[in-house]
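Student: Input structure: data-v5.cif, which contains mmCIF, C-alpha atoms (C1' of nucleotides).
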```
data_final
#
loop_
_atom_site.label_atom_id
_atom_site.label_comp_id
_atom_site.auth_asym_id
_atom_site.auth_seq_id
_atom_site.Cartn_x
_atom_site.Cartn_y
_atom_site.Cartn_z
CA MET A 1 101.06 110.53 95.93
CA SER A 2 101.41 112.80 92.92
CA LEU A 3 104.69 113.42 91.18
CA PRO A 4 106.14 116.86 90.49
CA PHE A 5 106.50 115.89 86.83
CA ASP A 6 104.72 113.77 84.26
CA PRO A 7 106.42 110.37 84.15
CA ILE A 8 105.12 109.71 80.66
CA GLU A 9 106.61 112.92 79.37
CA GLU A 10 109.84 111.88 81.02
CA ALA A 11 109.64 108.51 79.26
CA ARG A 12 109.12 110.29 75.92
CA ARG A 13 112.19 112.40 76.57
CA GLN A 14 114.40 109.41 77.38
CA TRP A 15 112.99 107.40 74.53
CA THR A 16 113.74 110.17 72.07
CA GLU A 17 117.16 110.78 73.55
CA HIS A 18 118.09 107.16 72.95
CA GLY A 19 116.93 107.41 69.36
CA TRP A 20 114.27 104.75 69.76
CA GLY A 21 111.33 104.78 67.36
CA ALA A 22 107.55 104.94 67.57
CA VAL A 23 107.59 107.51 70.35
CA ASP A 24 103.99 108.58 69.82
CA ALA A 25 102.76 105.02 69.84
CA MET A 26 104.75 104.23 72.98
CA SER A 27 103.45 107.32 74.68
CA ALA A 28 99.83 106.70 73.74
CA VAL A 29 99.97 103.11 74.92
CA THR A 30 101.57 104.09 78.20
CA SER A 31 98.92 106.75 78.69
CA ILE A 32 96.14 104.26 78.09
CA THR A 33 97.68 101.90 80.61
CA ARG A 34 97.99 104.58 83.23
CA ALA A 35 94.54 106.04 82.60
CA HIS A 36 93.05 102.60 82.95
CA GLN A 37 94.88 102.05 86.20
CA ILE A 38 93.68 105.36 87.64
CA VAL A 39 90.09 105.05 86.56
CA LEU A 40 89.73 101.44 87.61
CA GLY A 41 91.23 102.24 90.98
CA ARG A 42 88.80 105.08 91.62
CA ILE A 43 85.81 103.05 90.53
CA ASN A 44 86.75 100.08 92.65
CA GLU A 45 87.09 102.37 95.64
CA VAL A 46 83.56 103.58 95.11
CA LEU A 47 82.24 100.05 94.62
CA ALA A 48 84.04 98.46 97.57
CA PRO A 49 81.42 99.47 100.16
CA PHE A 50 78.85 97.51 98.16
CA GLY A 51 81.04 94.44 97.98
CA LEU A 52 81.49 94.91 94.27
CA THR A 53 84.32 95.36 91.82
CA PHE A 54 84.01 96.89 88.39
CA SER A 55 83.91 93.57 86.58
CA ARG A 56 81.28 92.19 88.92
CA TYR A 57 79.32 95.40 88.59
CA GLU A 58 79.45 95.21 84.80
CA ALA A 59 78.13 91.66 84.89
CA LEU A 60 75.25 92.66 87.13
CA VAL A 61 74.37 95.61 84.93
CA LEU A 62 74.25 93.35 81.91
CA LEU A 63 71.82 91.04 83.69
CA THR A 64 69.72 94.00 84.80
CA PHE A 65 69.39 95.08 81.20
CA SER A 66 68.29 91.67 80.01
CA ARG A 67 64.58 90.99 79.64
CA THR A 68 64.37 88.09 82.06
CA GLY A 69 67.28 88.94 84.34
CA ALA A 70 69.13 85.84 83.18
CA LEU A 71 71.73 85.18 80.46
CA PRO A 72 73.95 82.30 79.36
CA LEU A 73 77.49 82.74 80.63
CA GLY A 74 78.83 82.51 77.12
CA LYS A 75 76.68 85.35 75.90
CA MET A 76 77.82 87.46 78.82
CA GLY A 77 81.42 86.89 77.86
CA VAL A 78 80.77 88.17 74.35
CA ARG A 79 78.98 91.25 75.55
CA LEU A 80 81.47 92.05 78.27
CA MET A 81 84.32 91.30 75.88
CA VAL A 82 86.13 89.01 78.25
CA HIS A 83 87.32 85.42 78.08
CA PRO A 84 84.75 82.73 78.93
CA THR A 85 86.78 81.61 81.92
CA SER A 86 86.69 85.12 83.30
CA VAL A 87 82.91 85.02 83.25
CA THR A 88 82.90 81.74 85.15
CA ASN A 89 85.17 83.33 87.72
CA THR A 90 83.04 86.47 88.04
CA ILE A 91 79.81 84.53 88.36
CA ASP A 92 81.40 82.26 90.95
CA ARG A 93 81.99 85.22 93.21
CA LEU A 94 78.67 86.89 92.53
CA GLU A 95 76.97 83.61 93.33
CA ARG A 96 79.01 83.20 96.50
CA ASP A 97 77.74 86.61 97.59
CA GLY A 98 74.16 85.80 96.66
CA LEU A 99 73.86 88.45 93.98
CA VAL A 100 73.40 85.92 91.20
CA ARG A 101 72.13 82.38 90.89
CA ARG A 102 73.12 79.66 88.41
CA VAL A 103 70.13 78.20 86.58
CA ASP A 104 69.88 75.38 84.04
CA HIS A 105 69.03 76.38 80.53
CA PRO A 106 65.60 74.94 79.67
CA ASP A 107 66.54 73.64 76.21
CA ASP A 108 70.31 73.25 76.10
CA ARG A 109 71.87 71.27 78.90
CA ARG A 110 75.35 72.51 78.07
CA THR A 111 74.34 76.05 78.85
CA VAL A 112 74.21 77.65 82.27
CA LEU A 113 72.25 80.81 82.91
CA ALA A 114 73.27 83.43 85.42
CA GLU A 115 70.18 84.97 86.99
CA ILE A 116 70.31 88.12 89.06
CA THR A 117 68.76 87.91 92.52
CA ASP A 118 66.82 90.57 94.40
CA ASP A 119 69.95 91.32 96.39
CA GLY A 120 71.77 91.66 93.09
CA ARG A 121 69.26 94.14 91.77
CA ALA A 122 69.46 96.16 94.96
CA ALA A 123 73.24 96.21 94.82
CA VAL A 124 73.27 97.41 91.21
CA LYS A 125 70.89 100.18 92.05
CA GLU A 126 72.92 101.50 94.95
CA ALA A 127 76.23 101.05 93.19
CA THR A 128 74.99 102.84 90.10
CA ASP A 129 73.83 105.79 92.16
CA ALA A 130 77.26 105.99 93.76
CA LEU A 131 79.08 105.76 90.43
CA VAL A 132 76.88 108.32 88.74
CA GLU A 133 77.40 110.57 91.74
CA VAL A 134 81.15 110.64 91.07
CA GLN A 135 80.72 110.42 87.30
CA PHE A 136 82.64 107.14 87.22
CA GLY A 137 85.68 108.90 88.57
CA VAL A 138 86.13 111.16 85.57
CA GLY A 139 83.87 113.98 86.71
CA ALA A 140 86.79 116.39 86.62
CA LEU A 141 86.74 116.33 82.82
CA PRO A 142 84.21 118.35 80.85
CA LYS A 143 81.61 116.43 78.91
CA ALA A 144 83.12 117.51 75.58
CA SER A 145 86.47 116.02 76.54
CA LEU A 146 84.84 112.77 77.53
CA ARG A 147 83.05 112.56 74.22
CA SER A 148 86.19 113.38 72.31
CA LEU A 149 88.20 110.81 74.22
CA ASP A 150 85.50 108.24 73.65
CA ALA A 151 85.56 108.92 69.93
CA GLN A 152 89.33 108.58 69.76
CA LEU A 153 89.21 105.29 71.56
CA ARG A 154 86.41 104.11 69.33
CA SER A 155 88.71 104.66 66.36
CA LEU A 156 91.37 102.66 68.08
CA ARG A 157 88.97 99.83 68.77
CA LEU A 158 87.64 99.92 65.24
CA ALA A 159 91.16 99.86 63.84
CA ALA A 160 91.93 96.90 66.06
CA GLY A 161 88.99 95.00 64.62
CA ASP A 162 87.06 95.04 67.85
CA PHE A 163 83.82 95.30 65.90
CA THR A 164 82.71 96.01 62.36
CA GLU A 165 81.26 99.35 61.46
CA PRO A 166 77.64 98.71 60.46
CA ASP A 167 77.09 101.88 58.47
CA GLN A 168 79.13 104.96 58.67
CA TRP A 169 76.36 107.38 57.86
CA SER A 170 73.39 106.22 59.86
CA GLU A 171 72.81 106.86 63.52
CA GLN A 172 72.48 103.72 65.59
CA PRO A 173 69.39 102.06 64.06
CA ARG A 174 67.89 101.24 67.48
CA MET B 1 86.31 87.40 67.05
CA SER B 2 84.87 90.76 66.07
CA LEU B 3 81.27 91.71 66.70
CA PRO B 4 78.89 93.02 64.07
CA PHE B 5 78.16 95.99 66.33
CA ASP B 6 79.93 98.13 68.87
CA PRO B 7 79.17 96.76 72.34
CA ILE B 8 79.96 100.07 73.96
CA GLU B 9 77.49 101.88 71.76
CA GLU B 10 74.98 99.21 72.70
CA ALA B 11 75.72 99.83 76.36
CA ARG B 12 75.16 103.56 75.85
CA ARG B 13 71.82 102.84 74.25
CA GLN B 14 70.64 100.62 77.08
CA TRP B 15 72.01 102.97 79.69
CA THR B 16 70.13 105.88 78.20
CA GLU B 17 66.97 103.86 77.71
CA HIS B 18 66.92 103.04 81.41
CA GLY B 19 67.32 106.69 82.27
CA TRP B 20 70.61 106.18 84.06
CA GLY B 21 72.96 109.15 84.37
CA ALA B 22 76.54 109.96 83.47
CA VAL B 23 76.35 108.21 80.13
CA ASP B 24 79.39 109.94 78.69
CA ALA B 25 81.48 109.13 81.72
CA MET B 26 80.35 105.50 81.68
CA SER B 27 81.09 105.24 78.00
CA ALA B 28 84.52 106.83 78.26
CA VAL B 29 85.51 104.60 81.12
CA THR B 30 84.34 101.49 79.33
CA SER B 31 86.25 102.55 76.25
CA ILE B 32 89.42 103.04 78.25
CA THR B 33 89.02 99.61 79.77
CA ARG B 34 88.51 97.97 76.43
CA ALA B 35 91.29 99.88 74.70
CA HIS B 36 93.66 98.89 77.44
CA GLN B 37 92.64 95.27 77.11
CA ILE B 38 93.19 95.29 73.34
CA VAL B 39 96.48 97.11 73.36
CA LEU B 40 97.94 95.12 76.23
CA GLY B 41 96.91 91.89 74.56
CA ARG B 42 98.61 92.80 71.30
CA ILE B 43 101.78 93.95 73.01
CA ASN B 44 102.03 90.85 75.12
CA GLU B 45 101.65 88.72 72.02
CA VAL B 46 104.61 90.50 70.48
CA LEU B 47 106.66 90.19 73.65
CA ALA B 48 105.88 86.56 74.38
CA PRO B 49 108.60 85.16 72.06
CA PHE B 50 111.17 87.04 74.13
CA GLY B 51 109.84 85.69 77.39
CA LEU B 52 108.60 89.13 78.37
CA THR B 53 105.35 90.81 79.30
CA PHE B 54 104.66 94.50 79.09
CA SER B 55 105.25 95.16 82.77
CA ARG B 56 108.51 93.24 82.74
CA TYR B 57 109.53 95.03 79.57
CA GLU B 58 108.79 98.41 81.13
CA ALA B 59 110.95 97.57 84.12
CA LEU B 60 113.84 96.55 81.89
CA VAL B 61 113.54 99.71 79.80
CA LEU B 62 113.69 101.80 82.94
CA LEU B 63 116.89 100.06 83.99
CA THR B 64 118.34 100.49 80.52
CA PHE B 65 117.74 104.21 80.74
CA SER B 66 119.45 104.52 84.11
CA ARG B 67 123.04 105.61 84.25
CA THR B 68 124.40 102.52 85.97
CA GLY B 69 121.85 99.96 84.89
CA ALA B 70 120.67 99.59 88.46
CA LEU B 71 117.89 101.22 90.49
CA PRO B 72 116.31 100.80 93.90
CA LEU B 73 113.04 98.88 93.67
CA GLY B 74 111.20 101.68 95.39
CA LYS B 75 112.32 104.24 92.83
CA MET B 76 111.22 101.90 90.06
CA GLY B 77 107.75 101.70 91.56
CA VAL B 78 107.44 105.47 91.55
CA ARG B 79 108.58 105.79 87.97
CA LEU B 80 106.49 102.90 86.70
CA MET B 81 103.55 104.13 88.75
CA VAL B 82 102.82 100.79 90.33
CA HIS B 83 102.58 99.56 93.89
CA PRO B 84 105.85 98.59 95.61
CA THR B 85 104.73 95.00 95.91
CA SER B 86 104.17 94.85 92.16
CA VAL B 87 107.78 95.80 91.62
CA THR B 88 108.93 93.04 93.94
CA ASN B 89 106.82 90.61 91.95
CA THR B 90 108.13 91.84 88.60
CA ILE B 91 111.75 91.76 89.70
CA ASP B 92 111.26 88.27 91.13
CA ARG B 93 110.34 86.98 87.71
CA LEU B 94 112.98 88.95 85.85
CA GLU B 95 115.56 87.63 88.26
CA ARG B 96 114.28 84.09 87.87
CA ASP B 97 114.82 84.46 84.12
CA GLY B 98 118.26 85.97 84.58
CA LEU B 99 117.42 89.32 83.04
CA VAL B 100 117.99 91.19 86.27
CA ARG B 101 120.03 90.69 89.42
CA ARG B 102 119.32 91.89 92.96
CA VAL B 103 122.22 93.85 94.43
CA ASP B 104 122.70 95.38 97.87
CA HIS B 105 122.67 99.12 98.04
CA PRO B 106 126.14 100.30 99.05
CA ASP B 107 124.98 102.83 101.64
CA ASP B 108 121.47 101.92 102.69
CA ARG B 109 120.94 98.36 103.80
CA ARG B 110 117.19 98.67 103.59
CA THR B 111 117.40 99.28 99.88
CA VAL B 112 117.70 96.64 97.19
CA LEU B 113 118.89 97.50 93.71
CA ALA B 114 117.73 95.74 90.58
CA GLU B 115 120.56 95.57 88.09
CA ILE B 116 120.00 94.61 84.48
CA THR B 117 122.16 91.78 83.16
CA ASP B 118 123.66 91.36 79.71
CA ASP B 119 120.85 88.98 78.86
CA GLY B 120 118.44 91.64 80.03
CA ARG B 121 119.98 94.26 77.80
CA ALA B 122 119.85 91.93 74.85
CA ALA B 123 116.22 91.10 75.52
CA VAL B 124 115.24 94.77 75.71
CA LYS B 125 116.96 95.48 72.44
CA GLU B 126 115.21 92.71 70.55
CA ALA B 127 111.86 93.35 72.19
CA THR B 128 112.04 97.05 71.44
CA ASP B 129 112.76 96.37 67.79
CA ALA B 130 109.73 94.11 67.64
CA LEU B 131 107.47 96.61 69.36
CA VAL B 132 108.60 99.52 67.24
CA GLU B 133 108.08 97.34 64.19
CA VAL B 134 104.39 97.01 65.04
CA GLN B 135 104.15 100.50 66.52
CA PHE B 136 103.15 99.07 69.89
CA GLY B 137 100.05 97.59 68.33
CA VAL B 138 98.52 100.93 67.43
CA GLY B 139 100.12 101.35 64.04
CA ALA B 140 96.72 101.44 62.38
CA LEU B 141 96.11 104.89 63.81
CA PRO B 142 97.63 107.98 62.20
CA LYS B 143 100.24 109.82 64.21
CA ALA B 144 97.95 112.80 64.68
CA SER B 145 95.32 110.61 66.31
CA LEU B 146 97.88 109.12 68.63
CA ARG B 147 99.03 112.55 69.70
CA SER B 148 95.50 113.73 70.20
CA LEU B 149 94.60 110.67 72.22
CA ASP B 150 97.72 111.10 74.29
CA ALA B 151 96.81 114.71 75.02
CA GLN B 152 93.28 113.77 76.08
CA LEU B 153 94.58 111.13 78.41
CA ARG B 154 97.12 113.52 79.80
CA SER B 155 94.26 115.81 80.76
CA LEU B 156 92.56 112.93 82.45
CA ARG B 157 95.70 112.04 84.37
CA LEU B 158 96.28 115.63 85.33
CA ALA B 159 92.69 116.00 86.51
CA ALA B 160 93.13 112.84 88.56
CA GLY B 161 96.15 114.35 90.29
CA ASP B 162 98.56 111.90 88.73
CA PHE B 163 101.22 114.61 88.62
CA THR B 164 101.43 118.35 89.07
CA GLU B 165 101.67 120.59 86.06
CA PRO B 166 105.05 122.35 86.24
CA ASP B 167 104.05 125.31 84.09
CA GLN B 168 100.80 125.65 82.27
CA TRP B 169 102.01 128.00 79.60
CA SER B 170 105.26 126.57 78.41
CA GLU B 171 105.61 123.78 75.93
CA GLN B 172 107.44 120.78 77.28
CA PRO B 173 110.75 122.44 78.15
CA ARG B 174 112.83 120.01 76.13
"C1'" DG C 1 70.72 55.50 64.04
"C1'" DA C 2 75.77 56.23 64.83
"C1'" DC C 3 79.61 59.23 64.61
"C1'" DC C 4 82.10 63.38 64.98
"C1'" DA C 5 83.00 68.09 65.00
"C1'" DA C 6 81.59 72.15 67.25
"C1'" DT C 7 79.83 74.49 71.44
"C1'" DA C 8 79.34 75.63 76.61
"C1'" DA C 9 81.13 75.59 80.80
"C1'" DT C 10 84.71 74.50 84.24
"C1'" DA C 11 89.29 73.08 86.33
"C1'" DG C 12 93.94 74.24 87.00
"C1'" DG C 13 97.74 77.33 86.29
"C1'" DA C 14 100.50 81.60 85.21
"C1'" DA C 15 100.61 86.58 85.63
"C1'" DG C 16 99.43 91.09 86.89
"C1'" DT C 17 97.41 94.45 90.25
"C1'" DC C 18 96.44 95.97 94.81
"C1'" DC C 19 96.20 95.74 100.12
"C1'" DT C 20 97.62 94.72 104.89
"C1'" DA C 21 101.27 93.14 107.84
"C1'" DG C 22 105.51 92.12 109.00
"C1'" DT C 23 111.04 92.93 109.47
"C1'" DT C 24 115.00 95.52 109.04
"C1'" DT C 25 117.33 99.77 108.79
"C1'" DC C 26 117.84 104.68 108.83
"C1'" DG C 27 118.05 109.14 110.74
"C1'" DC C 28 116.29 112.78 113.42
"C1'" DG C 29 115.33 114.78 117.98
"C1'" DC C 30 116.11 115.02 122.67
"C1'" DG D 1 123.66 107.76 122.68
"C1'" DC D 2 118.68 106.27 122.71
"C1'" DG D 3 114.45 105.91 121.07
"C1'" DC D 4 110.97 106.08 117.82
"C1'" DG D 5 108.74 107.24 113.65
"C1'" DA D 6 109.55 106.75 108.82
"C1'" DA D 7 111.23 104.21 104.89
"C1'" DA D 8 112.32 99.95 101.97
"C1'" DC D 9 111.35 95.67 100.96
"C1'" DT D 10 108.90 91.13 101.24
"C1'" DA D 11 105.21 87.71 102.62
"C1'" DG D 12 100.60 86.33 102.08
"C1'" DG D 13 96.04 87.04 100.34
"C1'" DA D 14 92.22 88.71 97.21
"C1'" DC D 15 90.95 89.54 92.66
"C1'" DT D 16 91.14 89.81 87.57
"C1'" DT D 17 92.74 88.29 83.24
"C1'" DC D 18 94.21 84.97 80.06
"C1'" DC D 19 95.55 80.12 78.38
"C1'" DT D 20 95.19 75.06 77.85
"C1'" DA D 21 92.78 70.96 78.66
"C1'" DT D 22 88.65 68.31 80.04
"C1'" DT D 23 83.71 67.01 80.25
"C1'" DA D 24 79.10 67.14 78.64
"C1'" DT D 25 75.93 68.04 75.13
"C1'" DT D 26 74.23 69.23 70.68
"C1'" DG D 27 73.38 68.90 65.84
"C1'" DG D 28 74.48 67.76 61.35
"C1'" DT D 29 76.36 63.93 58.18
"C1'" DC D 30 76.54 59.65 56.25
#
```
Using structure tokens, write down the structure from this file.
Tutor:
Amino acid sequence: MSLPFDPIEEARRQWTEHGWGAVDAMSAVTSITRAHQIVLGRINEVLAPFGLTFSRYEALVLLTFSRTGALPLGKMGVRLMVHPTSVTNTIDRLERDGLVRRVDHPDDRRTVLAEITDDGRAAVKEATDALVEVQFGVGALPKASLRSLDAQLRSLRLAAGDFTEPDQWSEQPR
Amino acid sequence: MSLPFDPIEEARRQWTEHGWGAVDAMSAVTSITRAHQIVLGRINEVLAPFGLTFSRYEALVLLTFSRTGALPLGKMGVRLMVHPTSVTNTIDRLERDGLVRRVDHPDDRRTVLAEITDDGRAAVKEATDALVEVQFGVGALPKASLRSLDAQLRSLRLAAGDFTEPDQWSEQPR
DNA sequence: GACCAATAATAGGAAGTCCTAGTTTCGCGC
DNA sequence: GCGCGAAACTAGGACTTCCTATTATTGGTC
């Protein structure tokens, strides 16, 4: 399964050899793509026995964290940073599997709430244990590396306008 | 489009508050996911005018770099680090758009070669110019950050067994 | 009070990824 | 020379993501 050389390094070499520009950017982007592919694959392997995928798991976790166990689909999309139609799709499948239930919003009839079921809560619990067990598939890296990587990616996200920096000098205010 | 807070930092906070483990791993993985989503989105926006997506573009680049402009699909899958069936899918679409042509392998009748066409070469050229122009969507980051990020992700890939380190102590040998 | 723009969700469609199952072909071993 | 496992590709299916367009509802404006 594993190559005797680093294909990204090979790409850098070819890219440079052909005199093409932005090698570092190309390389970084390719690395992100590949890292994502690896990590997602590992996580989905771990989640499969529970009938979950990472996106479904993330949705369930979000509901678990909410006060009432229910959230409008739209709000979930914002928090999960995915397109509204992706949330509809995710909730469809979670509902099909009985891990979530669609509920009318009491005040706004346009809004639909996704409410986690007891089965859903049980699934999150087990799945979380399994993921923590394998450190989300990145257990092979030391904690310092993970933090450093996280910080680098945060810069990337900030530069991309993913969110606005509230205050550079204060810790998260709660 | 951009939130007034960092949703990943918020996730860390909640995760910690609930006493769940592997916070750094969870955070790093979520960051990778989001970074991938952002970068891929930007790149695909740039490529759309040329009728390309990132995966199609990568396939064309690989063919451009090959000596004869043609490669077996299987070899492409290995180099691009994707499943064989993904290559079939990609080549289907490239062929549909006339950027690639399927050719019989001269010696091995099991093997199919994908050969880049003149239109394909032209498309790669224009698309590459456009991508380099915007530094693959990560131009906002300084070169040092890109290199650092790349190195971190290389560690992750190495730890995941993505490839085997040829020699730990030498710099990349060319 | 009526109208109209914005908001929330969904339907349908295009793409990408992977997996499991075929079919065809190769090449090694006996 | 035959057979049989391995290799290369494709078909079909599940899932995720996004986009555009549609429907229902809300809330502010005149």
Student: Give me, as an MDAnalysis selection string, the contact residues of chain C against chain A at a cut-off of 8 Å, counting only C-alpha atoms (C1' of nucleotides).
Tutor: chainID C and resid 8:10
Student: Go through chain D and flag each residue having an atom no more than 10 Å from chain B; for those, report the closest pair of atoms plus their distance in Å to one decimal, using all atoms listed in the file, ordered by chain and rising number, as JSON lines.
Tutor:
```
{"residue": "D:DA7", "atom": "C1'", "partner": "B:Arg110", "partner_atom": "CA", "distance": 8.2}
{"residue": "D:DA8", "atom": "C1'", "partner": "B:Arg110", "partner_atom": "CA", "distance": 5.3}
{"residue": "D:DC9", "atom": "C1'", "partner": "B:Arg110", "partner_atom": "CA", "distance": 7.1}
{"residue": "D:DT10", "atom": "C1'", "partner": "B:Thr88", "partner_atom": "CA", "distance": 7.5}
{"residue": "D:DA11", "atom": "C1'", "partner": "B:Thr85", "partner_atom": "CA", "distance": 9.9}
{"residue": "D:DT17", "atom": "C1'", "partner": "B:Gln37", "partner_atom": "CA", "distance": 9.3}
{"residue": "D:DC18", "atom": "C1'", "partner": "B:Gly41", "partner_atom": "CA", "distance": 9.2}
```
Student: How many Å separate atom CA of B:Leu94 from atom CA of A:Ser55?
Tutor: 29.4 Å
Student: Quick check on the file I pasted: which residues fall under the PyMOL selection byres ((chain B and resi 141) around 12)? Write them as a list in words.
Tutor: Asp24, Ala25, Ala28, Val29, Gln152, Leu153, Arg154, Ser155, Leu156, Arg157, Leu158, Ala159 and Ala160 of chain A; Val134, Gln135, Phe136, Gly137, Val138, Gly139, Ala140, Pro142, Lys143, Ala144, Ser145, Leu146, Arg147, Ser148 and Leu149 of chain B
Student: Hey, can you check how far atom CA of B:Asp162 sits from atom CA of A:Ser2?
Tutor: 5.1 Å
Student: I want to know what sits within 12 Å of D:DC4, based on all atoms listed in the file, with residues of the same chain fewer than 3 positions away left out; could you give that as a short mmCIF file (atom, residue, chain, number, x, y, z; two decimals) with C-alpha atoms (C1' of nucleotides), keeping the file's coordinate frame?
Tutor:
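Final output, out14.cif:
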```cif
data_model
loop_
_atom_site.label_atom_id
_atom_site.label_comp_id
_atom_site.auth_asym_id
_atom_site.auth_seq_id
_atom_site.Cartn_x
_atom_site.Cartn_y
_atom_site.Cartn_z
"C1'" DC C 26 117.84 104.68 108.83
"C1'" DG C 27 118.05 109.14 110.74
"C1'" DC C 28 116.29 112.78 113.42
"C1'" DG C 29 115.33 114.78 117.98
"C1'" DC C 30 116.11 115.02 122.67
#
```
Student: Which distance in Å separates atom CA of B:Ala114 and atom CA of B:Glu95, to one decimal?
Tutor: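 Between atom CA of B:Ala114 and atom CA of B:Glu95 the gap works out to 8.7 Å.
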Student: I would like the residues chosen by the PyMOL selection byres ((chain C and resi 2) around 12) on the shown file; could you give them as a list in words?
Tutor: DG1, DC3 and DC4 of chain C; DT29 and DC30 of chain D
Student: Would you kindly place N, CA and C atoms on stretch 71-90 of chain B and return the model as a PDB file, in the coordinates of the input?
Tutor:
```
ATOM      1  N   LEU B  71     118.750 100.271  89.778  1.00  0.00           N
ATOM      2  CA  LEU B  71     117.890 101.220  90.490  1.00  0.00           C
ATOM      3  C   LEU B  71     117.284 100.547  91.712  1.00  0.00           C
ATOM      4  N   PRO B  72     117.021 101.341  92.745  1.00  0.00           N
ATOM      5  CA  PRO B  72     116.310 100.800  93.900  1.00  0.00           C
ATOM      6  C   PRO B  72     114.892 100.408  93.474  1.00  0.00           C
ATOM      7  N   LEU B  73     114.382  99.319  94.037  1.00  0.00           N
ATOM      8  CA  LEU B  73     113.040  98.880  93.670  1.00  0.00           C
ATOM      9  C   LEU B  73     112.007  99.967  93.935  1.00  0.00           C
ATOM     10  N   GLY B  74     112.167 100.645  95.041  1.00  0.00           N
ATOM     11  CA  GLY B  74     111.200 101.680  95.390  1.00  0.00           C
ATOM     12  C   GLY B  74     111.121 102.761  94.333  1.00  0.00           C
ATOM     13  N   LYS B  75     112.279 103.205  93.859  1.00  0.00           N
ATOM     14  CA  LYS B  75     112.320 104.240  92.830  1.00  0.00           C
ATOM     15  C   LYS B  75     111.643 103.730  91.549  1.00  0.00           C
ATOM     16  N   MET B  76     111.837 102.456  91.269  1.00  0.00           N
ATOM     17  CA  MET B  76     111.220 101.900  90.060  1.00  0.00           C
ATOM     18  C   MET B  76     109.686 101.961  90.163  1.00  0.00           C
ATOM     19  N   GLY B  77     109.193 101.656  91.355  1.00  0.00           N
ATOM     20  CA  GLY B  77     107.750 101.700  91.560  1.00  0.00           C
ATOM     21  C   GLY B  77     107.185 103.081  91.289  1.00  0.00           C
ATOM     22  N   VAL B  78     107.895 104.097  91.757  1.00  0.00           N
ATOM     23  CA  VAL B  78     107.440 105.470  91.550  1.00  0.00           C
ATOM     24  C   VAL B  78     107.406 105.800  90.060  1.00  0.00           C
ATOM     25  N   ARG B  79     108.492 105.479  89.386  1.00  0.00           N
ATOM     26  CA  ARG B  79     108.580 105.790  87.970  1.00  0.00           C
ATOM     27  C   ARG B  79     107.575 105.014  87.123  1.00  0.00           C
ATOM     28  N   LEU B  80     107.401 103.749  87.478  1.00  0.00           N
ATOM     29  CA  LEU B  80     106.490 102.900  86.700  1.00  0.00           C
ATOM     30  C   LEU B  80     105.046 103.102  87.154  1.00  0.00           C
ATOM     31  N   MET B  81     104.884 103.838  88.237  1.00  0.00           N
ATOM     32  CA  MET B  81     103.550 104.130  88.750  1.00  0.00           C
ATOM     33  C   MET B  81     102.795 102.873  89.160  1.00  0.00           C
ATOM     34  N   VAL B  82     103.483 101.994  89.807  1.00  0.00           N
ATOM     35  CA  VAL B  82     102.820 100.790  90.330  1.00  0.00           C
ATOM     36  C   VAL B  82     103.168 100.618  91.801  1.00  0.00           C
ATOM     37  N   HIS B  83     102.411  99.804  92.468  1.00  0.00           N
ATOM     38  CA  HIS B  83     102.580  99.560  93.890  1.00  0.00           C
ATOM     39  C   HIS B  83     103.921  98.876  94.155  1.00  0.00           C
ATOM     40  N   PRO B  84     104.558  99.200  95.282  1.00  0.00           N
ATOM     41  CA  PRO B  84     105.850  98.590  95.610  1.00  0.00           C
ATOM     42  C   PRO B  84     105.829  97.061  95.508  1.00  0.00           C
ATOM     43  N   THR B  85     104.752  96.460  95.947  1.00  0.00           N
ATOM     44  CA  THR B  85     104.730  95.000  95.910  1.00  0.00           C
ATOM     45  C   THR B  85     104.680  94.466  94.471  1.00  0.00           C
ATOM     46  N   SER B  86     104.172  95.269  93.563  1.00  0.00           N
ATOM     47  CA  SER B  86     104.170  94.850  92.160  1.00  0.00           C
ATOM     48  C   SER B  86     105.594  94.827  91.621  1.00  0.00           C
ATOM     49  N   VAL B  87     106.386  95.769  92.064  1.00  0.00           N
ATOM     50  CA  VAL B  87     107.780  95.800  91.620  1.00  0.00           C
ATOM     51  C   VAL B  87     108.508  94.559  92.125  1.00  0.00           C
ATOM     52  N   THR B  88     108.310  94.249  93.380  1.00  0.00           N
ATOM     53  CA  THR B  88     108.930  93.040  93.940  1.00  0.00           C
ATOM     54  C   THR B  88     108.576  91.833  93.084  1.00  0.00           C
ATOM     55  N   ASN B  89     107.308  91.730  92.771  1.00  0.00           N
ATOM     56  CA  ASN B  89     106.820  90.610  91.950  1.00  0.00           C
ATOM     57  C   ASN B  89     107.508  90.600  90.582  1.00  0.00           C
ATOM     58  N   THR B  90     107.526  91.741  89.936  1.00  0.00           N
ATOM     59  CA  THR B  90     108.130  91.840  88.600  1.00  0.00           C
ATOM     60  C   THR B  90     109.612  91.468  88.639  1.00  0.00           C
TER      61      THR B  90
END
```
